[in-house]
$ cat my_file.cif   # mmCIF, C-alpha atoms
data_run
loop_
_atom_site.label_atom_id
_atom_site.label_comp_id
_atom_site.auth_asym_id
_atom_site.auth_seq_id
_atom_site.Cartn_x
_atom_site.Cartn_y
_atom_site.Cartn_z
CA LYS E 1 -11.04 15.57 196.63
CA GLY E 2 -8.52 17.93 195.08
CA LYS E 3 -10.98 19.43 192.61
CA LYS E 4 -10.93 23.01 191.41
CA GLN E 5 -13.86 25.28 192.16
CA GLY E 6 -16.82 24.65 189.91
CA GLU E 7 -15.78 21.09 189.08
CA LEU E 8 -17.81 17.92 189.53
CA ILE E 9 -16.60 15.67 192.35
CA GLU E 10 -19.01 12.76 192.16
CA ILE E 11 -22.34 11.59 190.75
CA LEU E 12 -24.32 9.38 193.13
CA GLN E 13 -27.10 7.17 191.78
CA ILE E 14 -30.26 6.77 193.85
CA LEU E 15 -31.03 3.09 194.49
CA PRO E 16 -28.28 1.88 192.14
CA LYS E 17 -29.26 -1.81 192.48
CA TYR E 18 -32.85 -1.28 191.37
CA CYS E 19 -34.05 -1.28 187.80
CA VAL E 20 -36.30 1.73 187.73
CA GLU E 21 -37.24 2.06 184.07
CA ASN E 22 -40.90 2.97 184.25
CA PRO E 23 -42.73 5.18 181.73
CA THR E 24 -45.11 6.48 184.40
CA ILE E 25 -42.31 8.17 186.38
CA ASP E 26 -42.09 11.92 185.81
CA VAL E 27 -39.94 13.02 188.76
CA TRP E 28 -37.73 11.39 191.37
CA TRP E 29 -38.13 13.67 194.39
CA THR E 30 -34.84 13.35 196.25
CA PHE E 31 -33.63 14.68 199.59
CA CYS E 32 -29.99 14.53 200.68
CA GLN E 33 -27.87 15.72 203.58
CA PHE E 34 -24.18 15.71 204.43
CA PHE E 35 -23.56 13.86 207.66
CA PRO E 36 -22.98 16.27 210.59
CA ASN E 37 -19.27 17.08 210.79
CA ASN E 38 -18.31 14.25 208.42
CA ASP E 39 -18.29 15.48 204.86
CA ASN E 40 -17.35 12.03 203.51
CA ILE E 41 -20.87 10.72 204.20
CA ILE E 42 -24.11 11.69 202.43
CA ILE E 43 -27.51 10.33 203.47
CA SER E 44 -30.37 10.47 200.98
CA THR E 45 -33.90 9.32 200.27
CA SER E 46 -36.01 9.49 197.14
CA THR E 47 -39.53 8.73 195.89
CA PRO E 48 -40.75 8.49 192.27
CA PHE E 49 -43.82 10.52 191.32
CA GLN E 50 -46.19 10.74 188.40
CA ILE E 51 -47.64 14.22 187.89
CA LEU E 52 -51.26 14.17 186.80
CA HIS E 53 -52.68 17.16 184.90
CA GLY E 54 -49.74 19.25 186.11
CA ILE E 55 -51.21 19.64 189.61
CA GLN E 56 -51.46 16.28 191.37
CA TRP E 57 -48.39 14.29 192.43
CA LYS E 58 -48.99 10.53 192.70
CA LYS E 59 -46.42 8.11 194.09
CA VAL E 60 -45.38 5.30 191.77
CA SER E 61 -45.89 2.67 194.44
CA SER E 62 -44.64 -0.27 192.36
CA LEU E 63 -41.09 0.99 193.00
CA PRO E 64 -39.22 1.44 196.32
CA CYS E 65 -40.50 4.68 197.83
CA GLY E 66 -38.56 6.61 200.45
CA LYS E 67 -35.71 4.14 200.93
CA VAL E 68 -32.83 5.70 202.87
CA MET E 69 -29.34 5.37 201.37
CA GLN E 70 -25.90 6.07 202.79
CA TYR E 71 -22.97 6.99 200.52
CA ASN E 72 -19.31 7.08 201.49
CA LEU E 73 -17.43 9.50 199.21
CA ASP E 74 -14.11 8.31 200.59
CA ASN E 75 -14.32 4.68 199.50
CA GLY E 76 -17.20 4.80 197.02
CA LYS E 77 -19.40 2.37 198.96
CA SER E 78 -23.15 2.77 199.37
CA GLY E 79 -26.01 0.85 200.92
CA VAL E 80 -29.62 0.96 202.06
CA ILE E 81 -30.24 1.64 205.76
CA PRO E 82 -32.55 -1.23 206.81
CA GLN E 83 -36.13 -0.48 207.89
CA ALA E 84 -35.75 3.28 207.29
CA SER E 85 -38.15 4.87 204.81
CA CYS E 86 -40.04 8.15 204.25
CA LYS E 87 -43.64 8.85 203.33
CA GLY E 88 -44.95 11.56 201.02
CA PHE E 89 -42.33 14.01 199.80
CA PRO E 90 -39.27 12.33 201.34
CA LYS E 91 -37.24 14.08 204.00
CA LEU E 92 -34.93 12.84 206.71
CA GLN E 93 -33.00 14.48 209.54
CA ILE E 94 -29.80 13.45 211.28
CA ASN E 95 -29.60 14.61 214.87
CA PRO E 96 -26.62 16.86 215.67
CA ASP E 97 -25.04 14.12 217.79
CA GLY E 98 -24.75 12.01 214.63
CA ARG E 99 -26.23 8.94 216.31
CA LYS E 100 -29.91 9.11 215.40
CA LEU E 101 -31.71 9.34 212.09
CA THR E 102 -35.37 10.35 211.87
CA THR E 103 -37.86 10.05 209.02
CA LEU E 104 -41.45 11.24 208.68
CA ASP E 105 -44.51 9.02 208.46
CA THR E 106 -48.04 10.36 207.96
CA SER E 107 -48.70 10.25 211.72
CA SER E 108 -45.36 9.92 213.56
CA ILE E 109 -41.61 10.44 213.37
CA HIS E 110 -39.57 7.25 213.09
CA GLU E 111 -36.30 7.28 215.02
CA HIS E 112 -33.49 4.94 213.94
CA LEU E 113 -29.87 4.47 214.91
CA VAL E 114 -27.53 5.64 212.16
CA VAL E 115 -25.44 2.51 212.75
CA TYR E 116 -28.02 -0.20 212.21
CA ASN E 117 -28.60 -2.55 215.15
CA PRO E 118 -31.21 -5.32 214.68
CA GLY E 119 -31.74 -5.36 218.44
CA HIS E 120 -32.68 -1.68 218.56
CA PRO E 121 -36.33 -1.22 217.53
CA ILE E 122 -37.67 1.73 215.57
CA ILE E 123 -39.08 4.29 218.02
CA HIS E 124 -42.21 6.18 217.00
CA ARG E 125 -41.90 9.77 218.27
CA ALA E 126 -44.40 12.62 218.07
CA ARG E 127 -47.38 10.36 217.50
CA ASP E 128 -50.44 12.10 216.15
CA SER E 129 -53.52 11.62 218.31
CA HIS E 130 -55.76 14.03 216.36
CA PHE E 131 -55.97 12.17 213.01
CA THR E 132 -54.14 14.82 211.02
CA GLN E 133 -51.75 14.15 208.13
CA TYR E 134 -48.12 15.10 208.64
CA ARG E 135 -46.73 17.07 205.70
CA ASP E 136 -43.19 18.10 206.71
CA TYR E 137 -40.93 18.38 209.72
CA ALA E 138 -37.56 19.67 210.88
CA THR E 139 -35.27 19.01 213.84
CA SER E 140 -34.01 22.02 215.76
CA ALA E 141 -30.32 22.94 215.55
CA ASN E 142 -29.77 21.82 219.15
CA GLY E 143 -31.45 18.48 218.42
CA ARG E 144 -34.01 18.86 221.21
CA TYR E 145 -37.21 19.49 219.26
CA HIS E 146 -39.14 18.44 216.17
CA ALA E 147 -41.47 20.92 214.43
CA ILE E 148 -44.21 19.32 212.32
CA VAL E 149 -46.64 20.84 209.83
CA ALA E 150 -49.81 18.80 209.44
CA LYS E 151 -53.00 19.08 207.46
CA ALA E 152 -55.81 18.88 210.03
CA SER E 153 -58.68 19.25 207.55
CA SER E 154 -59.32 20.40 204.00
CA ASN E 155 -58.70 24.03 204.98
CA VAL E 156 -56.55 23.97 208.15
CA TYR E 157 -52.81 23.55 208.70
CA THR E 158 -51.40 22.98 212.18
CA LEU E 159 -47.86 23.47 213.51
CA SER E 160 -46.79 21.23 216.40
CA VAL E 161 -43.54 21.12 218.35
CA TYR E 162 -42.49 17.96 220.16
CA GLY E 163 -39.49 17.27 222.35
CA SER E 164 -37.11 14.92 220.54
CA GLU E 165 -37.68 12.28 223.24
CA THR E 166 -41.47 12.73 223.30
CA VAL E 167 -43.87 10.04 222.15
CA LEU E 168 -47.35 11.54 222.58
CA VAL E 169 -47.64 14.96 224.26
CA PRO E 170 -46.50 18.01 222.21
CA ASP E 171 -44.88 21.05 223.77
CA ALA E 172 -46.94 23.35 221.55
CA VAL E 173 -49.77 23.08 219.02
CA MET E 174 -50.88 26.02 216.88
CA LYS E 175 -53.55 26.24 214.21
CA ILE E 176 -52.09 28.27 211.38
CA PRO E 177 -55.44 30.02 210.57
CA ASP E 178 -55.55 31.34 214.15
CA LEU E 179 -52.26 33.13 213.48
CA TYR E 180 -52.61 33.81 209.74
CA PRO E 181 -56.23 33.43 208.57
CA ASP E 182 -55.42 33.65 204.86
CA ILE E 183 -53.12 30.61 204.81
CA LYS E 184 -55.02 27.49 203.82
CA PRO E 185 -54.21 24.30 201.89
CA PRO E 186 -54.88 24.49 198.15
CA PRO E 187 -58.16 22.95 196.94
CA LEU E 188 -58.24 19.36 195.80
CA PRO E 189 -56.84 17.82 193.67
CA PHE E 190 -53.81 20.15 193.94
CA THR E 191 -50.92 18.56 195.82
CA ASP E 192 -49.86 20.76 198.73
CA ARG E 193 -46.27 20.95 200.00
CA ALA E 194 -44.69 22.67 202.95
CA ASP E 195 -41.10 23.11 204.14
CA VAL E 196 -40.26 23.66 207.82
CA LYS E 197 -37.01 25.23 209.04
CA TRP E 198 -35.76 26.25 212.48
CA SER E 199 -33.89 29.41 213.34
CA PRO E 200 -30.28 28.71 214.38
CA ASP E 201 -31.07 29.50 218.04
CA SER E 202 -34.12 27.13 218.01
CA ARG E 203 -36.38 29.99 219.06
CA LEU E 204 -38.47 30.44 215.90
CA VAL E 205 -39.96 28.12 213.29
CA ALA E 206 -40.53 29.16 209.68
CA VAL E 207 -42.85 27.41 207.21
CA GLY E 208 -42.95 27.88 203.46
CA PHE E 209 -46.04 26.75 201.54
CA SER E 210 -46.61 25.74 197.93
CA THR E 211 -49.26 28.46 197.74
CA GLY E 212 -46.50 31.10 197.94
CA GLU E 213 -46.68 32.09 201.61
CA LEU E 214 -43.87 32.13 204.18
CA ILE E 215 -44.58 32.55 207.88
CA VAL E 216 -42.39 32.79 210.98
CA VAL E 217 -43.73 31.68 214.37
CA ASP E 218 -42.50 31.99 217.95
CA TRP E 219 -43.53 28.53 219.07
CA LYS E 220 -42.98 29.02 222.81
CA LYS E 221 -45.25 32.07 222.89
CA GLY E 222 -47.68 30.62 220.36
CA GLN E 223 -47.51 33.86 218.37
CA GLY E 224 -46.95 34.76 214.76
CA VAL E 225 -43.82 36.84 214.15
CA CYS E 226 -44.18 37.69 210.47
CA SER E 227 -46.01 36.76 207.30
CA VAL E 228 -43.20 37.64 204.91
CA PHE E 229 -45.17 38.12 201.69
CA GLU E 230 -47.93 40.03 203.36
CA GLU E 231 -45.92 42.32 205.65
CA ILE E 232 -42.56 42.76 203.85
CA LEU E 233 -42.60 41.61 200.21
CA SER E 234 -46.21 42.24 199.26
CA ASP E 235 -45.59 42.52 195.50
CA CYS E 236 -44.44 38.92 195.01
CA ASP E 237 -44.72 35.38 196.38
CA LEU E 238 -42.36 32.69 197.63
CA GLN E 239 -40.96 30.84 194.63
CA SER E 240 -41.32 27.40 196.24
CA PRO E 241 -41.66 26.08 199.83
CA SER E 242 -37.90 25.53 200.27
CA THR E 243 -36.52 28.77 198.77
CA TYR E 244 -35.63 30.49 202.04
CA ASP E 245 -33.11 30.11 204.85
CA PHE E 246 -32.08 31.74 208.12
CA ASP E 247 -28.79 33.64 208.37
CA PRO E 248 -26.81 31.73 211.06
CA ARG E 249 -25.23 35.01 212.26
CA SER E 250 -28.55 36.61 213.18
CA GLN E 251 -29.74 33.73 215.38
CA HIS E 252 -33.37 34.18 214.28
CA CYS E 253 -34.36 37.47 212.63
CA VAL E 254 -32.52 37.71 209.27
CA MET E 255 -33.46 35.49 206.34
CA ALA E 256 -32.69 35.05 202.67
CA VAL E 257 -35.83 34.62 200.56
CA ALA E 258 -36.14 33.83 196.85
CA ALA E 259 -39.35 35.21 195.34
CA ASN E 260 -41.14 34.41 192.08
CA ASP E 261 -39.77 37.61 190.51
CA THR E 262 -36.32 35.88 190.21
CA VAL E 263 -34.80 38.16 192.85
CA LEU E 264 -33.18 37.15 196.15
CA TYR E 265 -34.08 39.30 199.16
CA ILE E 266 -32.45 39.66 202.58
CA ILE E 267 -35.11 40.53 205.15
CA ASN E 268 -35.41 41.18 208.87
CA THR E 269 -38.59 39.53 210.18
CA GLU E 270 -38.32 41.19 213.59
CA LYS E 271 -38.27 44.71 212.12
CA LYS E 272 -40.47 43.62 209.18
CA LYS E 273 -38.05 45.21 206.78
CA MET E 274 -36.34 44.33 203.50
CA LEU E 275 -32.62 45.00 204.00
CA PHE E 276 -31.31 44.62 200.44
CA SER E 277 -31.81 42.51 197.32
CA SER E 278 -29.88 40.93 194.49
CA SER E 279 -29.98 41.82 190.84
CA ASP E 280 -32.17 39.65 188.61
CA LEU E 281 -30.84 36.07 188.90
CA GLY E 282 -31.98 35.23 185.39
CA SER E 283 -34.14 32.32 186.49
CA CYS E 284 -36.32 31.21 189.38
CA VAL E 285 -34.65 29.49 192.33
CA ASP E 286 -35.27 25.81 193.06
CA CYS E 287 -33.34 25.67 196.38
CA LEU E 288 -31.08 27.93 198.42
CA LYS E 289 -28.89 27.58 201.49
CA TYR E 290 -26.59 29.70 203.63
CA SER E 291 -23.13 28.30 204.20
CA TYR E 292 -22.65 27.40 207.85
CA ASP E 293 -20.13 30.21 208.35
CA SER E 294 -22.63 32.66 206.75
CA ASN E 295 -20.09 33.90 204.22
CA CYS E 296 -22.20 33.00 201.19
CA ILE E 297 -25.60 31.88 199.92
CA VAL E 298 -25.75 29.03 197.43
CA SER E 299 -28.70 28.97 195.03
CA ALA E 300 -29.69 26.23 192.61
CA LEU E 301 -31.59 27.82 189.71
CA PHE E 302 -34.19 26.28 187.44
CA ASN E 303 -32.03 27.10 184.40
CA LEU E 304 -29.44 24.54 185.64
CA LYS E 305 -27.02 27.07 187.09
CA ILE E 306 -25.56 27.16 190.59
CA LYS E 307 -24.86 30.67 191.86
CA VAL E 308 -22.77 31.43 194.96
CA LEU E 309 -23.54 34.92 196.28
CA ASP E 310 -21.76 36.93 198.94
CA ALA E 311 -24.04 36.97 201.98
CA ASP E 312 -23.23 40.62 202.81
CA ASP E 313 -24.04 42.25 199.47
CA LEU E 314 -25.38 39.42 197.22
CA ASN E 315 -22.63 39.98 194.67
CA LEU E 316 -21.86 36.95 192.54
CA GLN E 317 -18.80 34.95 193.70
CA LEU E 318 -19.09 31.83 191.57
CA GLU E 319 -21.39 30.50 188.84
CA ILE E 320 -21.54 26.86 187.73
CA ASP E 321 -23.38 25.85 184.56
CA LEU E 322 -24.54 22.26 185.05
CA THR E 323 -25.22 21.87 181.34
CA VAL E 324 -21.45 22.23 180.82
CA VAL E 325 -20.15 20.41 183.89
CA CYS E 326 -22.79 17.64 183.70
CA PRO E 327 -23.74 17.22 180.03
CA ASP E 328 -25.83 14.15 180.94
CA PHE E 329 -28.26 16.31 182.94
CA GLU E 330 -31.59 16.45 181.09
CA ASP E 331 -33.47 19.71 181.64
CA ILE E 332 -36.89 18.87 183.09
CA LEU E 333 -38.27 21.83 181.12
CA LEU E 334 -37.92 19.71 177.97
CA LYS E 335 -39.95 16.91 179.55
CA LEU E 336 -42.58 18.54 181.74
CA GLY E 337 -42.29 22.29 181.35
CA SER E 338 -42.04 24.30 184.55
CA ILE E 339 -44.36 22.26 186.78
CA ALA E 340 -41.47 20.62 188.66
CA PRO E 341 -37.97 21.78 189.71
CA ASN E 342 -34.67 20.55 188.29
CA THR E 343 -33.16 20.53 191.81
CA THR E 344 -35.22 19.09 194.67
CA CYS E 345 -32.68 19.55 197.49
CA LEU E 346 -29.40 21.33 198.17
CA SER E 347 -27.04 20.41 201.01
CA LEU E 348 -23.71 22.02 201.88
CA SER E 349 -20.75 20.39 203.58
CA SER E 350 -19.75 21.69 207.00
CA THR E 351 -16.88 23.67 205.47
CA GLY E 352 -19.12 25.17 202.78
CA GLU E 353 -16.66 24.02 200.13
CA GLN E 354 -18.88 21.34 198.58
CA ALA E 355 -22.53 21.17 197.56
CA ALA E 356 -24.66 18.05 197.10
CA ILE E 357 -27.37 18.77 194.53
CA ALA E 358 -30.28 16.31 194.48
CA CYS E 359 -31.92 16.32 191.06
CA TRP E 360 -35.17 15.12 189.55
CA ASP E 361 -33.36 12.49 187.43
CA ARG E 362 -32.47 10.16 190.36
CA LYS E 363 -28.94 11.51 190.77
CA ILE E 364 -27.05 13.52 193.37
CA ARG E 365 -24.25 15.64 191.95
CA VAL E 366 -21.51 16.69 194.36
CA MET E 367 -19.81 19.92 193.25
CA GLN E 368 -16.73 21.79 194.43
CA LEU E 369 -17.49 25.37 195.46
CA LEU E 370 -15.21 28.11 196.80
CA ASN E 371 -12.16 27.19 198.86
CA VAL E 372 -12.42 29.89 201.51
CA LEU E 373 -12.31 29.46 205.29
CA ASN E 374 -11.98 32.14 207.92
CA LEU E 375 -10.13 31.81 211.22
CA GLN E 376 -13.34 31.41 213.19
CA SER E 377 -14.39 28.41 211.12
CA LEU E 378 -10.92 26.85 211.29
CA CYS E 379 -11.00 27.08 215.11
CA LYS E 380 -14.41 25.46 215.09
CA PHE E 381 -13.17 22.55 212.98
CA ALA E 382 -10.17 22.10 215.27
CA ILE E 383 -12.46 21.74 218.29
CA GLN E 384 -14.84 19.41 216.48
CA ARG E 385 -12.01 17.09 215.51
CA PHE E 386 -11.49 16.19 219.16
CA VAL E 387 -14.92 16.76 220.77
CA HIS E 388 -17.92 14.60 219.90
CA PRO E 389 -21.07 16.67 219.23
CA SER E 390 -22.86 15.05 222.17
CA ASP E 391 -20.07 16.31 224.49
CA ILE E 392 -20.18 19.96 223.40
CA GLU E 393 -22.65 20.78 226.18
CA LYS E 394 -20.05 19.72 228.77
CA LEU E 395 -17.41 22.18 227.57
CA PRO E 396 -16.63 25.11 229.93
CA LEU E 397 -17.71 27.68 227.35
CA PRO E 398 -20.40 30.40 227.19
CA HIS E 399 -23.73 29.27 225.74
CA LEU E 400 -23.29 31.39 222.60
CA LEU E 401 -20.05 29.60 221.77
CA LYS E 402 -21.68 26.23 222.38
CA ASP E 403 -24.53 27.20 220.06
CA TYR E 404 -21.97 28.18 217.43
CA LEU E 405 -20.25 24.81 217.75
CA TYR E 406 -23.64 23.11 217.38
CA SER E 407 -24.71 25.22 214.40
CA PHE E 408 -22.94 23.17 211.76
CA PRO E 409 -25.26 20.23 211.50
CA PHE E 410 -28.32 22.12 210.33
CA ASN E 411 -30.92 23.68 209.30
CA PRO E 412 -31.22 20.89 206.71
#
$ encode --input "my_file.cif" --output "structure tokens"
Amino acid sequence: KGKKQGELIEILQILPKYCVENPTIDVWWTFCQFFPNNDNIIISTSTPFQILHGIQWKKVSSLPCGKVMQYNLDNGKSGVIPQASCKGFPKLQINPDGRKLTTLDTSSIHEHLVVYNPGHPIIHRARDSHFTQYRDYATSANGRYHAIVAKASSNVYTLSVYGSETVLVPDAVMKIPDLYPDIKPPPLPFTDRADVKWSPDSRLVAVGFSTGELIVVDWKKGQGVCSVFEEILSDCDLQSPSTYDFDPRSQHCVMAVAANDTVLYIINTEKKKMLFSSSDLGSCVDCLKYSYDSNCIVSALFNLKIKVLDADDLNLQLEIDLTVVCPDFEDILLKLGSIAPNTTCLSLSSTGEQAAIACWDRKIRVMQLLNVLNLQSLCKFAIQRFVHPSDIEKLPLPHLLKDYLYSFPFNP
């Protein structure tokens, strides 16, 4: 887009054709993701919520909830993807091959074609046969598995892993209390949230909870690997369910974690060790994400600042003040206090040069970050220009190189 670092590229309006003036709406919870290996396309979904007594989130059902939108930054066009919608706190996943889009229902995963075809029905994957309530899910980096966190009863979470082509039978089911007895859903009427992420090598699954816990599980062995805030960072809690990410270079053991003491920590879950930490960030973190080349960590702070930190030493590389760049951005602190985040989702382009920031006010702000690419990343882009993601497996390359070529699409 030819923008300088720290500048605003675009503001995208959620559901631009709908009149959404409604005094009962407190927060638009929005999720967005750059399309795998096509940074011109952003897919998003959003649901309006009313927050009751500061603890219970209620959907404003009179408005479109969970509609899935596609935006083309190249030509400015946008549109609703027919029949696709999300339940609860909205989240969607685009498979690494770029052909399928999945969304979460309360008891199944809905699979759609990205290019809408009326003759292709919605496929219901990972159907729940145990009458639980699905809370969150994530698709593995290789696109072969879905991990789902569900609420099985008033005091039990479960973690299930299904093959991406599976309809009924899971590959693994684990009751969280069997692995970590102290982790339970909050009492009613508190609204519980969870955020699931896969390690880059698809070996481990991590889950962050709104109660401040973060766990890592080896799903094939059915074993817990680490309870981060019990075994490593015992003096603090996870700031919010989504404020952590895996370092793509480590494959599965190194993570960045933002705690409620406004500090960012780099930890090794295998060795159960804190490696190093940042200085005080000056505010709590709403969302964070590693760039796909692992050179930096991008954090969206509650005080409306975006900080880009060097992944090797957590020194500050770039700071963007959204109150200056986006003067129309109303601080949610003025409306609701600190019971909801200003930023609900953060997605980075495959080059790491742009960030899409989904905000509570029904807008996605696309920002220009650092313009830095190493030779390894440039070689990767050169290959991806000519090889479709679904054909990467056929290349005569070692598995580690294939995994690296696959690693761009996500952890979303």
$ closest_residue --input "my_file.cif" --among "E:Cys296, E:Cys359, E:Cys326, E:Val228" --to "E:Lys273" --atoms "all atoms listed in the file"
E:Val228
$ closest_residue --input "my_file.cif" --among "E:Ser44, E:Thr269, E:Ser299, E:Ser278" --to "E:Leu101" --atoms "only C-alpha atoms"
E:Ser44
$ resolve_selection --input "my_file.cif" --expression "the PyMOL selection byres ((chain E and resi 214-221) around 8)" --output "ChimeraX atom specification"
/E:161,172,203-209,212-213,222-229,238,241,269
$ write_last_selection --input "my_file.cif" --atoms "C-alpha atoms" --output "compact mmCIF listing (two decimals), in the coordinates of the input"
# COMPACT_ATOMS: atom_id res chain seq x y z
CA VAL E 161 -43.54 21.12 218.35
CA ALA E 172 -46.94 23.35 221.55
CA ARG E 203 -36.38 29.99 219.06
CA LEU E 204 -38.47 30.44 215.90
CA VAL E 205 -39.96 28.12 213.29
CA ALA E 206 -40.53 29.16 209.68
CA VAL E 207 -42.85 27.41 207.21
CA GLY E 208 -42.95 27.88 203.46
CA PHE E 209 -46.04 26.75 201.54
CA GLY E 212 -46.50 31.10 197.94
CA GLU E 213 -46.68 32.09 201.61
CA GLY E 222 -47.68 30.62 220.36
CA GLN E 223 -47.51 33.86 218.37
CA GLY E 224 -46.95 34.76 214.76
CA VAL E 225 -43.82 36.84 214.15
CA CYS E 226 -44.18 37.69 210.47
CA SER E 227 -46.01 36.76 207.30
CA VAL E 228 -43.20 37.64 204.91
CA PHE E 229 -45.17 38.12 201.69
CA LEU E 238 -42.36 32.69 197.63
CA PRO E 241 -41.66 26.08 199.83
CA THR E 269 -38.59 39.53 210.18
$ residues_around --input "my_file.cif" --residues "E:Thr166" --least-positions-apart "5" --cutoff "10 Å" --atoms "only C-alpha atoms" --output "PyMOL selection string"
chain E and resi 124-127+144-146+161+171
$ closest_residue --input "my_file.cif" --among "E:Cys379, E:Leu168, E:Val325, E:Ala150" --to "E:Arg365" --atoms "all atoms listed in the file"
E:Val325
$ atom_distance --input "my_file.cif" --atom1 "atom CA of E:Tyr244" --atom2 "atom CA of E:Phe302"
15.3 Å
$ resolve_selection --input "my_file.cif" --expression "the PyMOL selection byres ((chain E and resi 279-295) around 8)" --output "PDB file with C-alpha atoms, in the coordinates of the input"
ATOM      1  CA  GLN E 239     -40.960  30.840 194.630  1.00  0.00           C
ATOM      2  CA  SER E 240     -41.320  27.400 196.240  1.00  0.00           C
ATOM      3  CA  SER E 242     -37.900  25.530 200.270  1.00  0.00           C
ATOM      4  CA  THR E 243     -36.520  28.770 198.770  1.00  0.00           C
ATOM      5  CA  TYR E 244     -35.630  30.490 202.040  1.00  0.00           C
ATOM      6  CA  ASP E 245     -33.110  30.110 204.850  1.00  0.00           C
ATOM      7  CA  PHE E 246     -32.080  31.740 208.120  1.00  0.00           C
ATOM      8  CA  ASP E 247     -28.790  33.640 208.370  1.00  0.00           C
ATOM      9  CA  PRO E 248     -26.810  31.730 211.060  1.00  0.00           C
ATOM     10  CA  ARG E 249     -25.230  35.010 212.260  1.00  0.00           C
ATOM     11  CA  ALA E 258     -36.140  33.830 196.850  1.00  0.00           C
ATOM     12  CA  ALA E 259     -39.350  35.210 195.340  1.00  0.00           C
ATOM     13  CA  ASN E 260     -41.140  34.410 192.080  1.00  0.00           C
ATOM     14  CA  ASP E 261     -39.770  37.610 190.510  1.00  0.00           C
ATOM     15  CA  THR E 262     -36.320  35.880 190.210  1.00  0.00           C
ATOM     16  CA  VAL E 263     -34.800  38.160 192.850  1.00  0.00           C
ATOM     17  CA  LEU E 264     -33.180  37.150 196.150  1.00  0.00           C
ATOM     18  CA  SER E 277     -31.810  42.510 197.320  1.00  0.00           C
ATOM     19  CA  SER E 278     -29.880  40.930 194.490  1.00  0.00           C
ATOM     20  CA  CYS E 296     -22.200  33.000 201.190  1.00  0.00           C
ATOM     21  CA  ILE E 297     -25.600  31.880 199.920  1.00  0.00           C
ATOM     22  CA  VAL E 298     -25.750  29.030 197.430  1.00  0.00           C
ATOM     23  CA  SER E 299     -28.700  28.970 195.030  1.00  0.00           C
ATOM     24  CA  ALA E 300     -29.690  26.230 192.610  1.00  0.00           C
ATOM     25  CA  LEU E 301     -31.590  27.820 189.710  1.00  0.00           C
ATOM     26  CA  PHE E 302     -34.190  26.280 187.440  1.00  0.00           C
ATOM     27  CA  ASN E 303     -32.030  27.100 184.400  1.00  0.00           C
ATOM     28  CA  ASP E 310     -21.760  36.930 198.940  1.00  0.00           C
ATOM     29  CA  ALA E 311     -24.040  36.970 201.980  1.00  0.00           C
ATOM     30  CA  ASP E 312     -23.230  40.620 202.810  1.00  0.00           C
ATOM     31  CA  PRO E 341     -37.970  21.780 189.710  1.00  0.00           C
ATOM     32  CA  ASN E 342     -34.670  20.550 188.290  1.00  0.00           C
ATOM     33  CA  THR E 343     -33.160  20.530 191.810  1.00  0.00           C
ATOM     34  CA  THR E 344     -35.220  19.090 194.670  1.00  0.00           C
ATOM     35  CA  CYS E 345     -32.680  19.550 197.490  1.00  0.00           C
ATOM     36  CA  LEU E 346     -29.400  21.330 198.170  1.00  0.00           C
ATOM     37  CA  SER E 347     -27.040  20.410 201.010  1.00  0.00           C
ATOM     38  CA  LEU E 348     -23.710  22.020 201.880  1.00  0.00           C
ATOM     39  CA  SER E 350     -19.750  21.690 207.000  1.00  0.00           C
ATOM     40  CA  THR E 351     -16.880  23.670 205.470  1.00  0.00           C
ATOM     41  CA  GLY E 352     -19.120  25.170 202.780  1.00  0.00           C
ATOM     42  CA  SER E 377     -14.390  28.410 211.120  1.00  0.00           C
ATOM     43  CA  SER E 407     -24.710  25.220 214.400  1.00  0.00           C
ATOM     44  CA  PHE E 408     -22.940  23.170 211.760  1.00  0.00           C
TER      45      PHE E 408
END
$ closest_residue --input "my_file.cif" --among "E:Asn72, E:Gln93, E:Ser160, E:Gln50" --to "E:Leu12" --atoms "all atoms listed in the file"
E:Asn72
$ atom_distance --input "my_file.cif" --atom1 "atom CA of E:Gln13" --atom2 "atom CA of E:Ile357"
11.9 Å
$ closest_residue --input "my_file.cif" --among "E:Asn268, E:Gln251, E:Ser107, E:Ser349" --to "E:Cys32" --atoms "only C-alpha atoms"
E:Ser349
$ atom_distance --input "my_file.cif" --atom1 "atom CA of E:Leu309" --atom2 "atom CA of E:Val254"
16.0 Å
$ residues_around --input "my_file.cif" --residues "E:Gly88" --least-positions-apart "5" --cutoff "10 Å" --atoms "only C-alpha atoms" --output "MDAnalysis selection string"
chainID E and resid 29 46:47 49 57:59 65:66 104:106 134:136 193
$ closest_residue --input "my_file.cif" --among "E:Asp26, E:Asp403, E:Glu330, E:Asp39" --to "E:Pro389" --atoms "all atoms listed in the file"
E:Asp403
$ resolve_selection --input "my_file.cif" --expression "the PyMOL selection byres ((chain E and resi 114-117) around 10)" --output "compact mmCIF listing (two decimals) with C-alpha atoms, keeping the file's coordinate frame"
# COMPACT_ATOMS: atom_id res chain seq x y z
CA ILE E 43 -27.51 10.33 203.47
CA GLN E 70 -25.90 6.07 202.79
CA ILE E 81 -30.24 1.64 205.76
CA PRO E 82 -32.55 -1.23 206.81
CA GLN E 83 -36.13 -0.48 207.89
CA ALA E 84 -35.75 3.28 207.29
CA ILE E 94 -29.80 13.45 211.28
CA ASN E 95 -29.60 14.61 214.87
CA GLY E 98 -24.75 12.01 214.63
CA ARG E 99 -26.23 8.94 216.31
CA LYS E 100 -29.91 9.11 215.40
CA LEU E 101 -31.71 9.34 212.09
CA THR E 102 -35.37 10.35 211.87
CA GLU E 111 -36.30 7.28 215.02
CA HIS E 112 -33.49 4.94 213.94
CA LEU E 113 -29.87 4.47 214.91
CA PRO E 118 -31.21 -5.32 214.68
CA GLY E 119 -31.74 -5.36 218.44
CA HIS E 120 -32.68 -1.68 218.56
CA PRO E 121 -36.33 -1.22 217.53
